[in-house]
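First the structure, in the form of structure tokens, and then the observations on it.
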4 protein chains.
Amino acid sequence: MLAEIKGINEECGVFGIWGHDKAAELTYYGLHSMQHRGQEGAGIVVSKEKELTGYKQLGLVNDVFKQVKFDDLSGKIALGHVRYATQGGKGLENVQPLLFQSLTSGMALAHNGNLMNATALREELEKEGSIFQTTSDTEVLAHLMKRSGEINETTISEALNRVKGAYAYLILEDDTLYAALDPTGIRPLSIGRIGEAYVVASETCAFDQIGATFEREILPGELIKINQDGLTSFRFAPRGKRQMCAMEYVYLSRPDSDLNYVNVHASRKRMGKELAKEAPVDADLVIGVPDSSISAAIGYAEESKLPYEMGIIKNRYVGRTFIQPSQELRELGVKMKLSPVRGIVEGKRVIMIDDSIVRGTTSRRIVKMLKEAGASEVHVRIASPPITDPCYYGIDMSTKEELIGANNSIEEIGEIIGADSIAYLSEQGLENAIVKDKTINQGVCMACMTGLYPVAPADEKEMDISNC
Amino acid sequence: MLAEIKGINEECGVFGIWGHDKAAELTYYGLHSMQHRGQEGAGIVVSKEKELTGYKQLGLVNDVFKQVKFDDLSGKIALGHVRYATQGGKGLENVQPLLFQSLTSGMALAHNGNLMNATALREELEKEGSIFQTTSDTEVLAHLMKRSGEINETTISEALNRVKGAYAYLILEDDTLYAALDPTGIRPLSIGRIGEAYVVASETCAFDQIGATFEREILPGELIKINQDGLTSFRFAPRGKRQMCAMEYVYLSRPDSDLNYVNVHASRKRMGKELAKEAPVDADLVIGVPDSSISAAIGYAEESKLPYEMGIIKNRYVGRTFIQPSQELRELGVKMKLSPVRGIVEGKRVIMIDDSIVRGTTSRRIVKMLKEAGASEVHVRIASPPITDPCYYGIDMSTKEELIGANNSIEEIGEIIGADSIAYLSEQGLENAIVKDKTINQGVCMACMTGLYPVAPADEKEMDISNC
Amino acid sequence: MLAEIKGINEECGVFGIWGHDKAAELTYYGLHSMQHRGQEGAGIVVSKEKELTGYKQLGLVNDVFKQVKFDDLSGKIALGHVRYATQGGKGLENVQPLLFQSLTSGMALAHNGNLMNATALREELEKEGSIFQTTSDTEVLAHLMKRSGEINETTISEALNRVKGAYAYLILEDDTLYAALDPTGIRPLSIGRIGEAYVVASETCAFDQIGATFEREILPGELIKINQDGLTSFRFAPRGKRQMCAMEYVYLSRPDSDLNYVNVHASRKRMGKELAKEAPVDADLVIGVPDSSISAAIGYAEESKLPYEMGIIKNRYVGRTFIQPSQELRELGVKMKLSPVRGIVEGKRVIMIDDSIVRGTTSRRIVKMLKEAGASEVHVRIASPPITDPCYYGIDMSTKEELIGANNSIEEIGEIIGADSIAYLSEQGLENAIVKDKTINQGVCMACMTGLYPVAPADEKEMDISNC
Amino acid sequence: MLAEIKGINEECGVFGIWGHDKAAELTYYGLHSMQHRGQEGAGIVVSKEKELTGYKQLGLVNDVFKQVKFDDLSGKIALGHVRYATQGGKGLENVQPLLFQSLTSGMALAHNGNLMNATALREELEKEGSIFQTTSDTEVLAHLMKRSGEINETTISEALNRVKGAYAYLILEDDTLYAALDPTGIRPLSIGRIGEAYVVASETCAFDQIGATFEREILPGELIKINQDGLTSFRFAPRGKRQMCAMEYVYLSRPDSDLNYVNVHASRKRMGKELAKEAPVDADLVIGVPDSSISAAIGYAEESKLPYEMGIIKNRYVGRTFIQPSQELRELGVKMKLSPVRGIVEGKRVIMIDDSIVRGTTSRRIVKMLKEAGASEVHVRIASPPITDPCYYGIDMSTKEELIGANNSIEEIGEIIGADSIAYLSEQGLENAIVKDKTINQGVCMACMTGLYPVAPADEKEMDISNC
């Protein structure tokens, strides 16, 4: 569905490569494939003969790099980042990778996640005379590491042990690339190979994009170091049960990515199948809200033996320069991204599959659109449980007041959005669809649907939503 | 699939509106929904108090109009056009609507189709002292009409009777909008209403986009006149069997459009079903090549009771500013628009549905990509018959030398693209999927697959492929 | 001074080159040097193997061609144009050169001037079925020529004999370049050589820009033809006294150009000297309003033995993207293009030289600015007679109602602009400054200052101000 | 003359305003008037309710701010900077003002000058754990201040006492604006008033631009503090003889600025007069190389009673998008920014005044150009002494190896550039032209012409040329 409408947003994607002649270009393509994880800004830092230089800018990857000559970004090691910016930190200075220059070396950081105790740490650092140029959490880790002395696995581990939350961190120092995942493994982070080179990325779709092969997941609490001696693994925290973010599967990640060894499209299709079992309905056809709900809709159709149809079309040419229709035109009936397919839904009882409902406004608009296009009944089926609670781990969500699931019963939601019937997938159904093998210490974080937080906030301050 | 790769291109979309306060804006949204019909240029002409002004530019609709203030295009009547430019006429002057200013009135033309005798007519006109500013067929009609005197239904009919080929023409003169369809009805053209206003468009998706309701098809050989006296219909040629272009259904039109009362997605799904009946195969799953083959793939899966899966992903963020990977990077494995979903196809026997094969290069690349991603078998099924002949009616196709279907047997094609098996839909199967009611004088033009031309070229010159 | 403020605007510059490998590039530089003659649009047409292609766009020469690859404009013959657009014809279609394509040849036109009988001719042509794509005078000549048959010296001469007004025309047909000047020679047009190639341009500064050498003026009523047989001269009209536009010397042309063998800077300096003789004043220093009045100010200072000082500075970085200060800020004292030099004028009796006064608003603002910067007296001296009448020969001027000189005595003007004293150069003084040798059939057109028109309008319609 | 050709570049301009509703907009216009001091980047930081926000970008002031809405930069206090970037630090991060955010307050810095001991200080700070995001000197002062505790006059004074070199510093903290000038007063910095508001700027032309009135110079070693209590002055270093940079007068500053109470144009005219006395020559006319040598040329002409003529024209439309002529075209004679005026110099003995010669390449090109345009003799007169030594105070100059004056006698220089005769102004002549009253502790820094450094470098490291 539409990120900007929906109100759930991934807060970044990271990409690193070590040992490839085309490091910056491959990073460009890698970031490009993760564009859905952050559309507000992008950057690449390269290391050449231990000297770090970079380019970053607000905007989409294409726009940011359209006038950059990759020859000016030569070097065999590169770090990249795409960023979703929360309201509070839209400036270019917050676009990553953050780059720090010292007289003897350079250091760059790229981060996906949220540090819950960032404010407390920052207060402490500022008291000691540290100067911050950004309002981003990411910078806190840089100061923590630098205060400990030279950057190496020990100082990085010390610094990581002081931060709390969910994070996937890439750190480039001179000619060494580090990658670290939080102890609960909430955010995704994988290692791949392309020829002799190493690649690290938030999603495996970046590997497919550049022709790299998936090697393995980075483990919770693991710190990876890649330099001329190859890849070395350190554990900076005891390893618990992995609890990967369920929303990555439900909505955020690309269907061709494998997260923690589970393909996203396949998991969504299973969500659809589970949903069909849990909440069947007598109807003529099944449709999905493009793009993220298509897989679940196909699963629902397959399980229910109903035809899957293309009942809603998404306009592929709506981009940044699209002139949004005015309120007046929208009321006249001018559509934005989604159009109903009258020839399909007219006179039909429609099951409309969506991956989730956040505020309900978009759902209500789509149901209305389908009815105006002639659907005789619209049965809404949601391929995940209601969202009821905030995320402290790096997903930008609507506030609790805005969350329709936090403030209404399921029946009420159905009435608000004008559905003829409504049902959500159960928590158990979602977990079944995602976790293949529950015996091997695997789980999912469904905190935003259950209120059960794998890393609990200690106080009000730690509940502040910040950005990657 | 990818227009720029495939080698089949729609050669334009037209849009007209009469009697709406927001005429130019609605034209913008209408053109936007028909962006797939022409991506090289776009323009809008408005009529205000009988004065015609316009704006046109090379580029996508969004880019063309991003800095235009619609207040500068006020007027209740508007004409719009999106254009695909063949190599020979890429200049801005060829972007439509063509606008002609005389001291007493203005005239604008928008055209989708191809006039087979344009060169002959032009020779004649130039001999009489006519000056042409474009290399486009469209301008010929303007001179023909003007030579006949004032623009009205009589002079337009006379002019139309002199041209030969396939066309959908919109003509705006002072405050009157005319619309005409060729006598065989090869190109699509429909009428809709929005409030009191009239709308005319190449595809009905434009009506859904702006909240208009479909009224009826314009009939073959019909000339429509819309002015303050309402809509009047004239017949400028005897009406024969309608033979709408089959490629509009197979590949070119948007799935949510209804062409000649037949929904495109639904027809494609039927193509898939016919194909499953004609050419079944023992396999694990069915995938479609995005975007145009998805409907057929769903139909095939439904008919064959095999799961439909998302085995190929199309990157949504590839736009004009995307930096195309160099040959070197492509050989290293960097993907462009399409990526395989390893988690889905690995170890599986895959049925890959495509709508058509033109040169075969893309198909070969996709088959290779799927195999590299681990597919154990790739069975190619094409939801239309082989393309063997050129189109003289306004579709830009590869030359006969390039057409893989014109120069190879089906078995050879299978070998060339590396498929484990291959089959095409039969001509009868395609017709069945498209034509709902054969008793009411309806047919389809499948000339590019059969060599049977509904409007036969008289000589070599009329076989020249020109542009709308 | 500031064209956009002043209200006098040159209406175009033309440039042609025949027989140079770098024809398009040299045309770019030639147009660039004549940017002051037209800032609304620019274009280049090249002829290669008799095929004409071109590129034109709204905007400054730099902006128009910044993304053009000159390799795409190869060919040894080129035609270029810079355009000032009057309110009525701002569209891209009116940007020149106009390019016409026929099946057998191409033709392009570039024009500087104004055809007084354009409307009458157009009416006649339209009645005969001609279609116009522009609202520009220039197109009329194209139709006149084409109606006479093939383009050659005879048909061009016939066509030129039907038009009336002031013009410098460049015509490119296949591989022949024609240049024609109106019978009174009101507009400038010169021939130069660069190596073996021929160059034709509105101003000789274009020759210096590209390293060409001046050859001679094109004579009134002369038609030049350049092709592989070299340069041939024809006379299409009897030759009278040349009456070059005085405003070209006073304000419009570049100081380094020689018009009709007279250097512009030198003539301006002579205007200043004549003015000093005619209207001396007891003061401390002389300043000029940048840029066009500097030469006259230097001449005045030299003649009067007073120091010439830089009392007003023009900001060199004010360009198209400059954010104009709001009315509120201007009232607070924020300057736009011109700033006073307090350190120079404070406490001084200043003679302020300007080349002309059109509406008086700018002059009033400058006088006020100088007084606020501390000037004790400001004596305004204008280096040309008052402008009292409209121009029918291609200069865009304010309307008679707006012309301060048409509606006020010189004393009243001085009061309006707040000068301590004011004087204008006499008509005789201006003629003396421009015409070096009055015995050889030379004169100047000062119609806008005298109301004496060398080519008299026959009726009201011929007094309509149109554009080049 | 042409900064980019000449090889002398001012390294920044600063602007601050306290207490005006239109603070950001006025800063924009102030920076605009100082565009010549830095064309690589620009930025503005505003303080609103003690919160600091800013916008900066690479490019010219116009381009940087063309899409900025000043409503987004509201606040009554603003700081601005234009920057010239040396090769080593071209990144956006180095564009100023530098903005630092802490949890309790914000701080911004803008700097013009060069800190000679920056590297040594930075080494020390990095050892203590400070992280730098830029390679700019300016950031050193920020860390020095912050390490001392809260920002106030005491900590700023302490920090300033640790740095060595030439500097004009503006510091904005919360709602207090500080301004400091180095103890020798090498760089310019003035205070003005606009209504109740205070303004501080590198050049007084910024005051004239916005309608502010000059109040006074900031004194060497003075620290100014402006907040709601008004303006308070502190002395952070003992005050010596002021030695303002001579190159500011000779070439860098705008002619309408007053530096240390001396108008730049007037001083240049005096340089020309002194030069005419010291080095007269029998010739026909005097010309200046635009723009910076015009004043001196006028002075020379006045003193020598020779006519001043416009013998060289600078093309006003050459901007960033100008397509530089290729070497091939330049050899064919295509000019870049400067063109000779053949009609003026042909057959004449010309005295060509230039303000300075750096490498000699431009001078040689201009002399050649004048001779090709027909000048019979070209006598070069330079309105300052030869440049022989590097600048450590913030002027970017060619290296000693490149300086023609450091490696050749005056006679040799004349031969190299092809002049018929050559002379430079004496050191005494230059000082006479600049310093009005030598009795009141005033002098000029002519170190680059004399090798006598008012602030002597202690070691090799302090001779490193860095940027503002």
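Following the order of the structure tokens, chains are lettered A, B, ..., residues in each are numbered from 1, and ligands are numbered from 1.
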Quiz item: Which polymer residues have any atom within 8 Å of an atom of stretch 247-249 of chain D, counting only C-alpha atoms, with same-chain residues fewer than 4 positions away left out, as a ChimeraX atom specification?
Solution: /D:253,259,264,267-268,434,446
Dump as a short mmCIF file (atom, residue, chain, number, x, y, z; two decimals), in the first residue's frame, selection limited to N, CA, C and O atoms:
```cif
data_model
loop_
_atom_site.label_atom_id
_atom_site.label_comp_id
_atom_site.auth_asym_id
_atom_site.auth_seq_id
_atom_site.Cartn_x
_atom_site.Cartn_y
_atom_site.Cartn_z
N SER D 253 37.56 43.40 -2.86
CA SER D 253 36.29 43.97 -2.37
C SER D 253 35.54 44.69 -3.47
O SER D 253 36.07 44.99 -4.53
N LEU D 259 36.22 50.15 3.39
CA LEU D 259 36.94 49.28 4.32
C LEU D 259 37.77 50.17 5.22
O LEU D 259 38.57 50.98 4.72
N VAL D 264 36.63 51.81 -1.58
CA VAL D 264 37.46 50.97 -2.41
C VAL D 264 37.66 51.57 -3.80
O VAL D 264 38.78 51.65 -4.30
N SER D 267 40.00 54.43 -3.57
CA SER D 267 41.40 54.03 -3.37
C SER D 267 41.99 53.49 -4.67
O SER D 267 43.15 53.73 -5.00
N ARG D 268 41.19 52.77 -5.44
CA ARG D 268 41.68 52.24 -6.71
C ARG D 268 41.97 53.37 -7.69
O ARG D 268 42.94 53.32 -8.43
N ILE D 434 45.93 53.93 -0.25
CA ILE D 434 44.98 53.29 0.67
C ILE D 434 44.85 54.04 1.99
O ILE D 434 43.75 54.33 2.45
N MET D 446 50.75 44.21 3.41
CA MET D 446 51.15 43.97 2.03
C MET D 446 52.08 42.76 1.98
O MET D 446 52.96 42.67 1.13
#
```
Report the closest atom pair, with its distance in Å rounded to one decimal, for each residue of chain C that has an atom no farther than 12 Å from chain B; count only C-alpha atoms, sort by chain and then rising residue number, and write it as a Markdown table.
```
| residue | atom | partner | partner_atom | distance |
| --- | --- | --- | --- | --- |
| C:Leu52 | CA | B:Gln133 | CA | 11.8 |
| C:Thr53 | CA | B:Gly91 | CA | 8.8 |
| C:Gly54 | CA | B:Gly91 | CA | 8.5 |
| C:Tyr55 | CA | B:Gly91 | CA | 8.2 |
| C:Lys56 | CA | B:Leu92 | CA | 9.1 |
| C:Gln57 | CA | B:Leu92 | CA | 9.7 |
| C:Leu58 | CA | B:Gln57 | CA | 11.5 |
| C:Gly88 | CA | B:Thr53 | CA | 11.4 |
| C:Gly89 | CA | B:Thr53 | CA | 10.6 |
| C:Lys90 | CA | B:Thr53 | CA | 10.8 |
| C:Gly91 | CA | B:Tyr55 | CA | 8.2 |
| C:Leu92 | CA | B:Tyr55 | CA | 8.7 |
| C:Glu93 | CA | B:Glu93 | CA | 8.1 |
| C:Asn94 | CA | B:Glu93 | CA | 11.5 |
| C:Val95 | CA | B:Glu93 | CA | 11.6 |
| C:Pro97 | CA | B:Gln133 | CA | 11.8 |
| C:Leu98 | CA | B:Gln133 | CA | 8.4 |
| C:Leu99 | CA | B:Gln133 | CA | 6.3 |
| C:Phe100 | CA | B:Gln133 | CA | 4.5 |
| C:Gln101 | CA | B:Phe132 | CA | 5.5 |
| C:Ser102 | CA | B:Phe132 | CA | 6.2 |
| C:Leu103 | CA | B:Glu123 | CA | 6.8 |
| C:Thr104 | CA | B:Glu123 | CA | 8.9 |
| C:Ser105 | CA | B:Glu126 | CA | 10.8 |
| C:Gly106 | CA | B:Phe132 | CA | 9.5 |
| C:Met107 | CA | B:Gln133 | CA | 9.7 |
| C:Ala108 | CA | B:Gln133 | CA | 10.1 |
| C:Ala118 | CA | B:Leu103 | CA | 11.1 |
| C:Thr119 | CA | B:Leu103 | CA | 8.1 |
| C:Ala120 | CA | B:Leu103 | CA | 10.0 |
| C:Leu121 | CA | B:Leu103 | CA | 10.8 |
| C:Arg122 | CA | B:Leu103 | CA | 7.6 |
| C:Glu123 | CA | B:Leu103 | CA | 6.7 |
| C:Glu124 | CA | B:Leu103 | CA | 10.3 |
| C:Leu125 | CA | B:Ser102 | CA | 9.8 |
| C:Glu126 | CA | B:Ser102 | CA | 6.9 |
| C:Lys127 | CA | B:Gly149 | CA | 8.4 |
| C:Glu128 | CA | B:Arg147 | CA | 7.7 |
| C:Gly129 | CA | B:Arg147 | CA | 4.9 |
| C:Ser130 | CA | B:Ser130 | CA | 6.3 |
| C:Ile131 | CA | B:Phe100 | CA | 6.5 |
| C:Phe132 | CA | B:Gln101 | CA | 5.4 |
| C:Gln133 | CA | B:Phe100 | CA | 4.6 |
| C:Thr134 | CA | B:Gln101 | CA | 6.4 |
| C:Thr135 | CA | B:Gln101 | CA | 6.8 |
| C:Ser136 | CA | B:Gln101 | CA | 10.2 |
| C:Glu139 | CA | B:Ile131 | CA | 9.9 |
| C:Val140 | CA | B:Ile131 | CA | 11.0 |
| C:Leu141 | CA | B:Ile131 | CA | 11.5 |
| C:Ala142 | CA | B:Ile131 | CA | 8.1 |
| C:His143 | CA | B:Ile131 | CA | 7.0 |
| C:Leu144 | CA | B:Gly129 | CA | 9.2 |
| C:Met145 | CA | B:Gly129 | CA | 9.1 |
| C:Lys146 | CA | B:Gly129 | CA | 5.6 |
| C:Arg147 | CA | B:Gly129 | CA | 4.9 |
| C:Ser148 | CA | B:Gly129 | CA | 7.9 |
| C:Gly149 | CA | B:Gly129 | CA | 7.1 |
| C:Glu150 | CA | B:Gly129 | CA | 9.4 |
| C:Ile151 | CA | B:Gly129 | CA | 11.3 |
```
Quiz item: Neighbours of A:Ile186 within 6 Å (only C-alpha atoms; same-chain residues fewer than 4 positions away dropped), as a PyMOL selection string?
Solution: chain A and resi 166+243-245
Quiz prompt | Selection: 9 Å around C:Phe70, only C-alpha atoms, excl. self and same-chain fewer than 3 positions, as a PyMOL selection string | solution = chain C and resi 22+24-25+65+73-74
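Residues in contact range of C:Glu402, defined as at most 8 Å between only C-alpha atoms, with sequence neighbours fewer than 3 positions away removed, read Val358, Arg359, Ser398 and Thr399 of chain C.
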For those residues, write C-alpha atoms to a file as a tab-separated table (two decimals), in the first residue's frame.
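And here's selection-v5.tsv as it stands now:
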```
chain	number	residue	atom	x	y	z
C	358	VAL	CA	11.26	55.90	-20.89
C	359	ARG	CA	8.68	55.96	-18.13
C	398	SER	CA	6.23	51.36	-23.66
C	399	THR	CA	2.96	52.74	-24.99
```
Quiz prompt | Spatial neighbours of A:Phe15, max dist 9 Å, only C-alpha atoms, sep filter under 5 positions, as a PyMOL selection string | solution = chain A and resi 27+30-31+78-82+110+170+199-203+206
Quiz item: DSSP on the backbone: what in stretch 120-335 of chain B comes out strand (DSSP E or B), as number ranges by chain?
Solution: B: 165-173, 176-181, 190-194, 197-201, 213-217, 222-227, 230-235, 242-245, 258-259, 262-263, 285-288, 308, 312-314
Which residues are close to D:Ser190, i.e. within 12 Å by only C-alpha atoms, leaving aside same-chain residues fewer than 4 positions away? Reply as a short mmCIF file (atom, residue, chain, number, x, y, z; two decimals) with C-alpha atoms, in the first residue's frame.
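To be explicit, this is the file written out as part.cif:
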```cif
data_model
loop_
_atom_site.label_atom_id
_atom_site.label_comp_id
_atom_site.auth_asym_id
_atom_site.auth_seq_id
_atom_site.Cartn_x
_atom_site.Cartn_y
_atom_site.Cartn_z
CA GLY D 13 32.10 36.76 3.57
CA VAL D 14 30.13 36.86 6.82
CA PHE D 15 26.87 38.56 7.66
CA GLY D 16 24.89 38.75 10.90
CA ILE D 17 21.74 40.53 11.95
CA ALA D 168 36.51 37.77 11.40
CA TYR D 169 34.22 35.52 13.44
CA LEU D 170 30.48 35.62 13.94
CA ALA D 179 31.45 39.23 16.49
CA ALA D 180 35.22 39.16 16.83
CA LEU D 181 38.10 40.56 14.80
CA GLY D 185 42.58 43.62 12.02
CA TYR D 198 22.15 45.52 14.44
CA VAL D 199 24.00 44.28 11.38
CA VAL D 200 27.54 42.97 11.08
CA ALA D 201 29.16 42.29 7.71
CA SER D 202 32.49 41.75 6.02
CA GLU D 203 31.82 44.58 3.59
CA THR D 204 29.75 47.71 3.89
CA CYS D 205 28.19 47.10 0.46
CA ALA D 206 25.95 44.68 2.36
CA PHE D 207 24.65 47.62 4.41
CA ALA D 212 21.28 49.81 6.64
CA THR D 213 23.55 52.61 7.79
CA PHE D 214 27.20 52.14 8.63
CA GLU D 215 27.93 52.55 12.33
CA ARG D 216 31.60 51.78 12.78
CA GLU D 217 34.42 49.32 12.16
CA ILE D 218 34.93 46.50 14.62
CA LEU D 219 38.36 47.15 16.10
CA PRO D 220 41.32 44.79 16.12
CA GLU D 222 37.49 43.53 19.87
CA ILE D 224 31.15 42.44 20.30
CA SER D 257 32.43 49.17 -0.01
CA ASP D 258 34.25 51.30 2.55
CA LEU D 259 36.94 49.28 4.32
CA ASN D 260 38.32 50.84 7.46
CA TYR D 261 36.66 54.11 6.42
#
```
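Atom CA of C:Tyr453 to atom CA of C:Ala406 spans 16.2 Å [interatomic distance, one decimal].
Atom CA of D:Asp256 is found 14.6 Å from atom CA of C:Ala375.
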Quiz item: Can you list every residue in stretch 112-299 of chain A that DSSP puts in helix (DSSP H, G or I), as a VMD selection string?
Solution: chain A and resid 118 to 127 137 to 147 153 to 162 205 to 210 246 to 252 264 to 278 294 to 299
Exercise. Counting only C-alpha atoms, figure out which residue out of B:Val380, B:Leu425, B:Met34, B:Leu160 gets nearest to B:Ser363.
Key: B:Val380
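Counting from atom CA of A:Glu11, the distance to atom CA of A:Ala458 is 22.5 Å.
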